[in-house]
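Text of target_0.cif, listed as mmCIF, C-alpha atoms:
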```cif
data_start
loop_
_atom_site.group_PDB
_atom_site.id
_atom_site.type_symbol
_atom_site.label_atom_id
_atom_site.label_comp_id
_atom_site.auth_asym_id
_atom_site.auth_seq_id
_atom_site.Cartn_x
_atom_site.Cartn_y
_atom_site.Cartn_z
ATOM 1 C CA SER A 1 47.149 47.680 -101.647
ATOM 2 C CA GLN A 2 45.337 45.176 -99.486
ATOM 3 C CA GLU A 3 45.691 41.486 -100.289
ATOM 4 C CA LEU A 4 42.150 41.044 -98.993
ATOM 5 C CA GLU A 5 39.625 43.611 -100.144
ATOM 6 C CA GLN A 6 36.260 43.812 -98.461
ATOM 7 C CA SER A 7 33.237 45.468 -99.989
ATOM 8 C CA PRO A 8 31.356 47.478 -99.167
ATOM 9 C CA GLN A 9 33.361 49.366 -96.529
ATOM 10 C CA SER A 10 30.156 50.221 -94.714
ATOM 11 C CA LEU A 11 26.516 49.353 -94.991
ATOM 12 C CA ILE A 12 23.314 50.653 -93.446
ATOM 13 C CA VAL A 13 20.221 48.508 -93.855
ATOM 14 C CA GLN A 14 16.693 48.484 -92.555
ATOM 15 C CA GLU A 15 15.823 45.707 -90.135
ATOM 16 C CA GLY A 16 14.493 42.704 -92.001
ATOM 17 C CA LYS A 17 16.476 43.333 -95.181
ATOM 18 C CA ASN A 18 18.994 40.911 -96.657
ATOM 19 C CA LEU A 19 22.572 41.940 -97.323
ATOM 20 C CA THR A 20 25.832 40.605 -98.725
ATOM 21 C CA ILE A 21 29.436 41.407 -97.847
ATOM 22 C CA ASN A 22 32.268 40.318 -100.128
ATOM 23 C CA CYS A 23 35.876 39.457 -99.434
ATOM 24 C CA THR A 24 38.141 39.241 -102.497
ATOM 25 C CA SER A 25 41.699 37.979 -102.461
ATOM 26 C CA SER A 26 44.493 38.944 -104.838
ATOM 27 C CA LYS A 27 45.992 35.458 -104.401
ATOM 28 C CA THR A 28 44.767 31.889 -104.171
ATOM 29 C CA LEU A 29 42.526 31.257 -101.219
ATOM 30 C CA TYR A 30 43.368 28.242 -99.064
ATOM 31 C CA GLY A 31 41.397 28.982 -95.941
ATOM 32 C CA LEU A 32 38.975 31.848 -95.359
ATOM 33 C CA TYR A 33 37.686 32.967 -91.983
ATOM 34 C CA TRP A 34 34.841 35.285 -91.093
ATOM 35 C CA TYR A 35 34.763 37.165 -87.821
ATOM 36 C CA LYS A 36 32.421 39.682 -86.270
ATOM 37 C CA GLN A 37 33.586 42.527 -84.054
ATOM 38 C CA LYS A 38 31.175 44.520 -81.951
ATOM 39 C CA TYR A 39 32.263 48.100 -81.486
ATOM 40 C CA GLY A 40 34.928 48.344 -78.807
ATOM 41 C CA GLU A 41 35.157 44.581 -78.344
ATOM 42 C CA GLY A 42 37.170 41.616 -79.537
ATOM 43 C CA LEU A 43 36.613 39.469 -82.591
ATOM 44 C CA ILE A 44 34.169 36.591 -82.514
ATOM 45 C CA PHE A 45 34.733 33.693 -84.875
ATOM 46 C CA LEU A 46 31.805 33.008 -87.205
ATOM 47 C CA MET A 47 32.878 30.504 -89.854
ATOM 48 C CA MET A 48 35.799 28.947 -91.655
ATOM 49 C CA LEU A 49 35.706 27.884 -95.305
ATOM 50 C CA GLN A 50 38.366 25.664 -96.778
ATOM 51 C CA LYS A 51 37.211 24.312 -100.107
ATOM 52 C CA GLY A 52 35.923 25.938 -103.249
ATOM 53 C CA GLY A 53 32.148 25.821 -103.361
ATOM 54 C CA GLU A 54 31.905 25.274 -99.631
ATOM 55 C CA GLU A 55 28.974 26.934 -97.927
ATOM 56 C CA LYS A 56 28.363 27.220 -94.197
ATOM 57 C CA SER A 57 25.608 28.751 -92.114
ATOM 58 C CA HIS A 58 25.434 30.104 -88.609
ATOM 59 C CA GLU A 59 21.920 31.139 -87.590
ATOM 60 C CA LYS A 60 20.882 33.613 -90.301
ATOM 61 C CA ILE A 61 24.389 34.138 -91.657
ATOM 62 C CA THR A 62 25.635 32.130 -94.651
ATOM 63 C CA ALA A 63 29.120 32.227 -96.120
ATOM 64 C CA LYS A 64 30.331 30.792 -99.419
ATOM 65 C CA LEU A 65 33.749 30.333 -100.954
ATOM 66 C CA ASP A 66 34.264 30.761 -104.701
ATOM 67 C CA GLU A 67 37.748 29.464 -105.426
ATOM 68 C CA LYS A 68 37.775 30.557 -109.072
ATOM 69 C CA LYS A 69 36.874 34.131 -108.253
ATOM 70 C CA GLN A 70 39.140 34.045 -105.188
ATOM 71 C CA GLN A 71 36.242 35.453 -103.268
ATOM 72 C CA SER A 72 34.018 34.728 -100.310
ATOM 73 C CA SER A 73 30.621 36.232 -99.675
ATOM 74 C CA LEU A 74 28.791 36.594 -96.374
ATOM 75 C CA HIS A 75 25.030 36.821 -96.637
ATOM 76 C CA ILE A 76 22.695 37.857 -93.827
ATOM 77 C CA THR A 77 19.027 37.041 -94.204
ATOM 78 C CA ALA A 78 16.367 39.161 -92.500
ATOM 79 C CA SER A 79 18.874 41.373 -90.702
ATOM 80 C CA GLN A 80 18.348 42.320 -87.051
ATOM 81 C CA PRO A 81 19.909 45.034 -84.865
ATOM 82 C CA SER A 82 21.959 42.270 -83.219
ATOM 83 C CA HIS A 83 23.778 41.784 -86.539
ATOM 84 C CA ALA A 84 25.290 45.246 -86.328
ATOM 85 C CA GLY A 85 29.060 45.399 -86.021
ATOM 86 C CA ILE A 86 32.192 45.059 -88.094
ATOM 87 C CA TYR A 87 32.653 41.950 -90.207
ATOM 88 C CA LEU A 88 36.217 40.958 -90.987
ATOM 89 C CA CYS A 89 37.548 38.299 -93.278
ATOM 90 C CA GLY A 90 40.892 36.615 -92.788
ATOM 91 C CA ALA A 91 42.789 34.269 -95.083
ATOM 92 C CA ASP A 92 45.662 31.837 -94.764
ATOM 93 C CA ARG A 93 48.813 32.820 -96.584
ATOM 94 C CA TYR A 94 51.795 30.512 -97.044
ATOM 95 C CA TYR A 95 55.323 31.702 -97.534
ATOM 96 C CA ALA A 96 58.725 30.191 -98.243
ATOM 97 C CA GLY A 97 59.937 27.827 -95.552
ATOM 98 C CA ASN A 98 56.435 26.528 -94.845
ATOM 99 C CA ASN A 99 55.622 29.721 -92.998
ATOM 100 C CA ARG A 100 52.000 30.634 -92.619
ATOM 101 C CA LYS A 101 50.177 33.655 -91.391
ATOM 102 C CA LEU A 102 46.657 34.951 -91.323
ATOM 103 C CA ILE A 103 46.056 38.150 -93.281
ATOM 104 C CA TRP A 104 43.042 40.372 -92.767
ATOM 105 C CA GLY A 105 40.666 42.569 -94.657
ATOM 106 C CA LEU A 106 39.902 46.048 -93.314
ATOM 107 C CA GLY A 107 36.371 45.116 -92.341
ATOM 108 C CA THR A 108 32.816 46.053 -93.318
ATOM 109 C CA SER A 109 30.876 48.145 -90.853
ATOM 110 C CA LEU A 110 27.213 47.148 -90.687
ATOM 111 C CA ALA A 111 24.444 49.188 -89.086
ATOM 112 C CA VAL A 112 20.885 47.852 -88.904
ATOM 113 C CA ASN A 113 18.157 50.386 -88.322
ATOM 114 C CA PRO A 114 15.063 49.200 -86.468
ATOM 115 C CA ASN B 115 35.955 28.674 -69.205
ATOM 116 C CA ALA B 116 37.091 32.276 -69.658
ATOM 117 C CA GLY B 117 38.689 31.826 -73.115
ATOM 118 C CA VAL B 118 41.213 34.585 -73.782
ATOM 119 C CA THR B 119 41.539 37.399 -71.271
ATOM 120 C CA GLN B 120 43.611 40.574 -71.472
ATOM 121 C CA THR B 121 44.704 43.060 -68.845
ATOM 122 C CA PRO B 122 44.469 45.966 -68.621
ATOM 123 C CA LYS B 123 41.462 47.053 -70.713
ATOM 124 C CA PHE B 124 42.584 50.667 -70.973
ATOM 125 C CA ARG B 125 45.838 52.463 -70.362
ATOM 126 C CA VAL B 126 47.268 55.910 -70.942
ATOM 127 C CA LEU B 127 51.041 56.249 -71.075
ATOM 128 C CA LYS B 128 53.387 59.146 -71.526
ATOM 129 C CA THR B 129 56.047 58.980 -74.197
ATOM 130 C CA GLY B 130 59.013 57.005 -72.945
ATOM 131 C CA GLN B 131 57.147 55.054 -70.282
ATOM 132 C CA SER B 132 57.084 51.292 -70.302
ATOM 133 C CA MET B 133 54.321 48.794 -69.714
ATOM 134 C CA THR B 134 53.396 45.148 -70.111
ATOM 135 C CA LEU B 135 50.153 43.788 -71.493
ATOM 136 C CA LEU B 136 49.123 40.398 -70.200
ATOM 137 C CA CYS B 137 47.225 37.789 -72.169
ATOM 138 C CA ALA B 138 45.967 34.546 -70.665
ATOM 139 C CA GLN B 139 44.126 31.627 -72.257
ATOM 140 C CA ASP B 140 42.606 28.577 -70.623
ATOM 141 C CA MET B 141 42.077 26.461 -73.747
ATOM 142 C CA ASN B 142 45.493 24.775 -73.676
ATOM 143 C CA HIS B 143 46.346 26.320 -77.055
ATOM 144 C CA GLU B 144 49.899 26.076 -78.301
ATOM 145 C CA TYR B 145 49.741 29.158 -80.519
ATOM 146 C CA MET B 146 49.324 32.699 -79.283
ATOM 147 C CA TYR B 147 49.417 36.033 -81.096
ATOM 148 C CA TRP B 148 49.551 39.745 -80.465
ATOM 149 C CA TYR B 149 47.890 42.086 -82.966
ATOM 150 C CA ARG B 150 47.344 45.783 -83.159
ATOM 151 C CA GLN B 151 44.305 47.281 -84.827
ATOM 152 C CA ASP B 152 44.412 50.764 -86.314
ATOM 153 C CA PRO B 153 41.878 52.624 -88.484
ATOM 154 C CA GLY B 154 42.586 52.104 -92.168
ATOM 155 C CA MET B 155 45.317 49.553 -91.406
ATOM 156 C CA GLY B 156 43.307 46.622 -90.163
ATOM 157 C CA LEU B 157 44.751 43.946 -87.920
ATOM 158 C CA ARG B 158 48.510 43.602 -88.016
ATOM 159 C CA LEU B 159 50.509 40.859 -86.357
ATOM 160 C CA ILE B 160 53.152 42.085 -83.917
ATOM 161 C CA HIS B 161 54.602 38.867 -82.511
ATOM 162 C CA TYR B 162 53.462 35.319 -82.114
ATOM 163 C CA SER B 163 54.411 32.150 -80.273
ATOM 164 C CA VAL B 164 54.199 28.538 -81.377
ATOM 165 C CA GLY B 165 54.650 27.146 -77.902
ATOM 166 C CA GLU B 166 55.929 27.730 -74.400
ATOM 167 C CA GLY B 167 59.360 29.353 -74.445
ATOM 168 C CA THR B 168 59.194 30.360 -78.123
ATOM 169 C CA THR B 169 58.442 33.676 -79.797
ATOM 170 C CA ALA B 170 58.671 34.980 -83.350
ATOM 171 C CA LYS B 171 58.322 38.320 -85.113
ATOM 172 C CA GLY B 172 55.241 39.264 -87.054
ATOM 173 C CA GLU B 173 54.672 42.133 -89.468
ATOM 174 C CA VAL B 174 55.262 45.061 -87.104
ATOM 175 C CA PRO B 175 57.555 43.919 -84.267
ATOM 176 C CA ASP B 176 59.658 47.055 -83.798
ATOM 177 C CA GLY B 177 59.271 48.691 -80.399
ATOM 178 C CA TYR B 178 57.724 45.593 -78.815
ATOM 179 C CA ASN B 179 59.029 42.568 -76.972
ATOM 180 C CA VAL B 180 57.206 39.418 -75.937
ATOM 181 C CA SER B 181 57.659 36.470 -73.634
ATOM 182 C CA ARG B 182 55.921 33.120 -73.276
ATOM 183 C CA LEU B 183 57.243 31.653 -70.050
ATOM 184 C CA LYS B 184 54.086 29.659 -69.416
ATOM 185 C CA LYS B 185 51.896 28.018 -72.023
ATOM 186 C CA GLN B 186 48.795 29.896 -70.930
ATOM 187 C CA ASN B 187 50.349 33.376 -70.825
ATOM 188 C CA PHE B 188 51.732 35.654 -73.526
ATOM 189 C CA LEU B 189 53.133 39.026 -72.484
ATOM 190 C CA LEU B 190 53.621 42.044 -74.720
ATOM 191 C CA GLY B 191 56.049 44.700 -73.529
ATOM 192 C CA LEU B 192 56.602 48.267 -74.624
ATOM 193 C CA GLU B 193 59.982 49.397 -73.317
ATOM 194 C CA SER B 194 59.746 53.047 -74.344
ATOM 195 C CA ALA B 195 56.268 53.964 -75.529
ATOM 196 C CA ALA B 196 55.828 56.261 -78.527
ATOM 197 C CA PRO B 197 52.675 58.033 -79.780
ATOM 198 C CA SER B 198 52.793 55.763 -82.864
ATOM 199 C CA GLN B 199 51.997 52.876 -80.536
ATOM 200 C CA THR B 200 48.602 54.322 -79.685
ATOM 201 C CA SER B 201 46.307 51.530 -80.800
ATOM 202 C CA VAL B 202 43.976 48.763 -79.736
ATOM 203 C CA TYR B 203 45.900 45.596 -78.943
ATOM 204 C CA PHE B 204 44.373 42.158 -79.295
ATOM 205 C CA CYS B 205 45.692 38.866 -78.109
ATOM 206 C CA ALA B 206 44.555 35.649 -79.763
ATOM 207 C CA SER B 207 45.210 31.950 -79.423
ATOM 208 C CA SER B 208 44.647 28.891 -81.563
ATOM 209 C CA TYR B 209 45.049 25.123 -81.463
ATOM 210 C CA SER B 210 47.189 25.142 -84.568
ATOM 211 C CA MET B 211 48.563 27.647 -87.040
ATOM 212 C CA VAL B 212 46.958 25.954 -90.000
ATOM 213 C CA LYS B 213 43.251 25.766 -90.679
ATOM 214 C CA TYR B 214 42.120 26.481 -87.154
ATOM 215 C CA GLU B 215 40.312 29.571 -86.044
ATOM 216 C CA GLN B 216 41.900 32.042 -83.667
ATOM 217 C CA TYR B 217 40.131 33.036 -80.458
ATOM 218 C CA PHE B 218 40.481 36.685 -79.506
ATOM 219 C CA GLY B 219 40.593 38.555 -76.238
ATOM 220 C CA PRO B 220 38.519 41.704 -75.628
ATOM 221 C CA GLY B 221 41.394 44.063 -76.421
ATOM 222 C CA THR B 222 43.449 46.731 -74.653
ATOM 223 C CA ARG B 223 43.029 50.333 -75.706
ATOM 224 C CA LEU B 224 46.369 52.089 -75.289
ATOM 225 C CA THR B 225 46.947 55.806 -75.685
ATOM 226 C CA VAL B 226 50.450 57.240 -75.651
ATOM 227 C CA THR B 227 50.620 61.010 -75.168
#
```
Reformat the file's structure so that it appears as structure tokens.
Amino acid sequence: SQELEQSPQSLIVQEGKNLTINCTSSKTLYGLYWYKQKYGEGLIFLMMLQKGGEEKSHEKITAKLDEKKQQSSLHITASQPSHAGIYLCGADRYYAGNNRKLIWGLGTSLAVNP
Amino acid sequence: NAGVTQTPKFRVLKTGQSMTLLCAQDMNHEYMYWYRQDPGMGLRLIHYSVGEGTTAKGEVPDGYNVSRLKKQNFLLGLESAAPSQTSVYFCASSYSMVKYEQYFGPGTRLTVT
């Protein structure tokens, strides 16, 4: 099973509607990253959250980190067709020997109908 | 400032052929990564480098080799391509491994027939 679960897997909304995407970790979250991927393109960094309760915004996109729930949510207000794409969350994982890697969710595909 | 660039963008190989994917970054980042992205599997780390002249294995290193002869370049090689290596390959770089975002290239779509 995935260490990072994203929900929903896909979402279709009408332009102007609000929406929320969740990223839930099976382990303690130390650093959480949100990226957007347009179809057929690379990933674009949106935001990084490091502390429980932290909230950041980028234009009409807001992300929050809930340390207790081991979850981050990404909220888009008044969605536009330009918001369409795949949203991925990534999280820092630390292993023995001070090793660290970034693990990824499978992504949430968002379509916004005009 | 081009960021992270990858060449080629597309490639079709026959089983057993070899090829090298080139990644270049102009941000003076120490850390560079190669990922593959497959439906239902997400992004998986193939190899990474913590600096010029160093490389390390990621989650799925088998069948791939890498080299980091110059700080700005990270090469991914397939010595004998297999259909299981059909994927989209992304290169990324970052200032540090801890608590710094990774910057991604546009990807290389590879098909092995």
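Atom to atom, CA of Leu65 (chain A) and CA of Gly221 (chain B) stand 29.1 Å apart.
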Could you list the residues chosen by the PyMOL selection byres ((chain A and resi 9) around 10) in this structure as number ranges by chain?
A: 5-8, 10-11, 21-22, 86-87, 106-110
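You can rank B:Ala195, B:Val164, B:Leu135, B:Leu190 by their closest distance to chain A using only C-alpha atoms, and at the top of that list sits B:Val164.
For the structure shown here, the set of residues caught by the PyMOL selection byres ((chain A) within 6 of (chain B)) is Glu41, Gly42, Leu43 and Leu106 of chain A.
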Resolved residues for the PyMOL selection byres ((chain B and resi 208) around 6) as number ranges by chain:
B: 143, 145, 207, 209-210, 216
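If you look at CA of Ser163 (chain B) and CA of Asn187 (chain B), they are 10.4 Å away from each other.
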Shell around region 111-113 of chain A at 10 Å using all atoms listed in the file, local window under 2 positions removed, as a compact mmCIF listing (two decimals) with C-alpha atoms, in the coordinates of the input:
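See around-v4.txt below for the written result:
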```
# COMPACT_ATOMS: atom_id res chain seq x y z
CA SER A 10 30.16 50.22 -94.71
CA LEU A 11 26.52 49.35 -94.99
CA ILE A 12 23.31 50.65 -93.45
CA VAL A 13 20.22 48.51 -93.86
CA GLN A 14 16.69 48.48 -92.56
CA GLU A 15 15.82 45.71 -90.14
CA GLY A 16 14.49 42.70 -92.00
CA LYS A 17 16.48 43.33 -95.18
CA SER A 79 18.87 41.37 -90.70
CA GLN A 80 18.35 42.32 -87.05
CA PRO A 81 19.91 45.03 -84.86
CA SER A 82 21.96 42.27 -83.22
CA HIS A 83 23.78 41.78 -86.54
CA ALA A 84 25.29 45.25 -86.33
CA GLY A 85 29.06 45.40 -86.02
CA ILE A 86 32.19 45.06 -88.09
CA THR A 108 32.82 46.05 -93.32
CA SER A 109 30.88 48.14 -90.85
```
For the point (41.6, 33.3, -104.0) in file coordinates, what residues are within 12 Å, counting all atoms listed in the file? Give the answer as a PyMOL selection string?
chain A and resi 3-5+23-32+49-52+65-72+90-93
Store the residues picked out above in a file with C-alpha atoms, as a PDB file, in the coordinates of the input.
```pdb
ATOM      1  CA  GLU A   3      45.691  41.486-100.289  1.00  0.00           C
ATOM      2  CA  LEU A   4      42.150  41.044 -98.993  1.00  0.00           C
ATOM      3  CA  GLU A   5      39.625  43.611-100.144  1.00  0.00           C
ATOM      4  CA  CYS A  23      35.876  39.457 -99.434  1.00  0.00           C
ATOM      5  CA  THR A  24      38.141  39.241-102.497  1.00  0.00           C
ATOM      6  CA  SER A  25      41.699  37.979-102.461  1.00  0.00           C
ATOM      7  CA  SER A  26      44.493  38.944-104.838  1.00  0.00           C
ATOM      8  CA  LYS A  27      45.992  35.458-104.401  1.00  0.00           C
ATOM      9  CA  THR A  28      44.767  31.889-104.171  1.00  0.00           C
ATOM     10  CA  LEU A  29      42.526  31.257-101.219  1.00  0.00           C
ATOM     11  CA  TYR A  30      43.368  28.242 -99.064  1.00  0.00           C
ATOM     12  CA  GLY A  31      41.397  28.982 -95.941  1.00  0.00           C
ATOM     13  CA  LEU A  32      38.975  31.848 -95.359  1.00  0.00           C
ATOM     14  CA  LEU A  49      35.706  27.884 -95.305  1.00  0.00           C
ATOM     15  CA  GLN A  50      38.366  25.664 -96.778  1.00  0.00           C
ATOM     16  CA  LYS A  51      37.211  24.312-100.107  1.00  0.00           C
ATOM     17  CA  GLY A  52      35.923  25.938-103.249  1.00  0.00           C
ATOM     18  CA  LEU A  65      33.749  30.333-100.954  1.00  0.00           C
ATOM     19  CA  ASP A  66      34.264  30.761-104.701  1.00  0.00           C
ATOM     20  CA  GLU A  67      37.748  29.464-105.426  1.00  0.00           C
ATOM     21  CA  LYS A  68      37.775  30.557-109.072  1.00  0.00           C
ATOM     22  CA  LYS A  69      36.874  34.131-108.253  1.00  0.00           C
ATOM     23  CA  GLN A  70      39.140  34.045-105.188  1.00  0.00           C
ATOM     24  CA  GLN A  71      36.242  35.453-103.268  1.00  0.00           C
ATOM     25  CA  SER A  72      34.018  34.728-100.310  1.00  0.00           C
ATOM     26  CA  GLY A  90      40.892  36.615 -92.788  1.00  0.00           C
ATOM     27  CA  ALA A  91      42.789  34.269 -95.083  1.00  0.00           C
ATOM     28  CA  ASP A  92      45.662  31.837 -94.764  1.00  0.00           C
ATOM     29  CA  ARG A  93      48.813  32.820 -96.584  1.00  0.00           C
TER      30      ARG A  93
END
```
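Distance-wise, CA of Asn179 (chain B) and CA of Glu193 (chain B) end up 7.8 Å apart.
Polymer residues near (56.0, 43.1, -82.5): counting all atoms listed in the file with a cut-off of 8 Å, they are Trp148, Leu159, Ile160, His161, Lys171, Gly172, Glu173, Val174, Pro175, Asp176, Gly177, Tyr178, Asn179 and Val180 of chain B.
Distance annotation: of B:Thr227, B:Phe188, B:Thr168, B:Leu183, the residue with the minimal separation from Ala138 (chain B) is B:Phe188; atom set is all atoms listed in the file.
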From the list A:Leu74, A:Leu19, A:Met47, A:Ile103, which residue is nearest Tyr35 (chain A) when using all atoms listed in the file?
A:Met47
Among listed residues B:Thr129, B:Thr169, B:Thr134, B:Gln120, nearest Pro197 (chain B) (using all atoms listed in the file)
B:Thr129
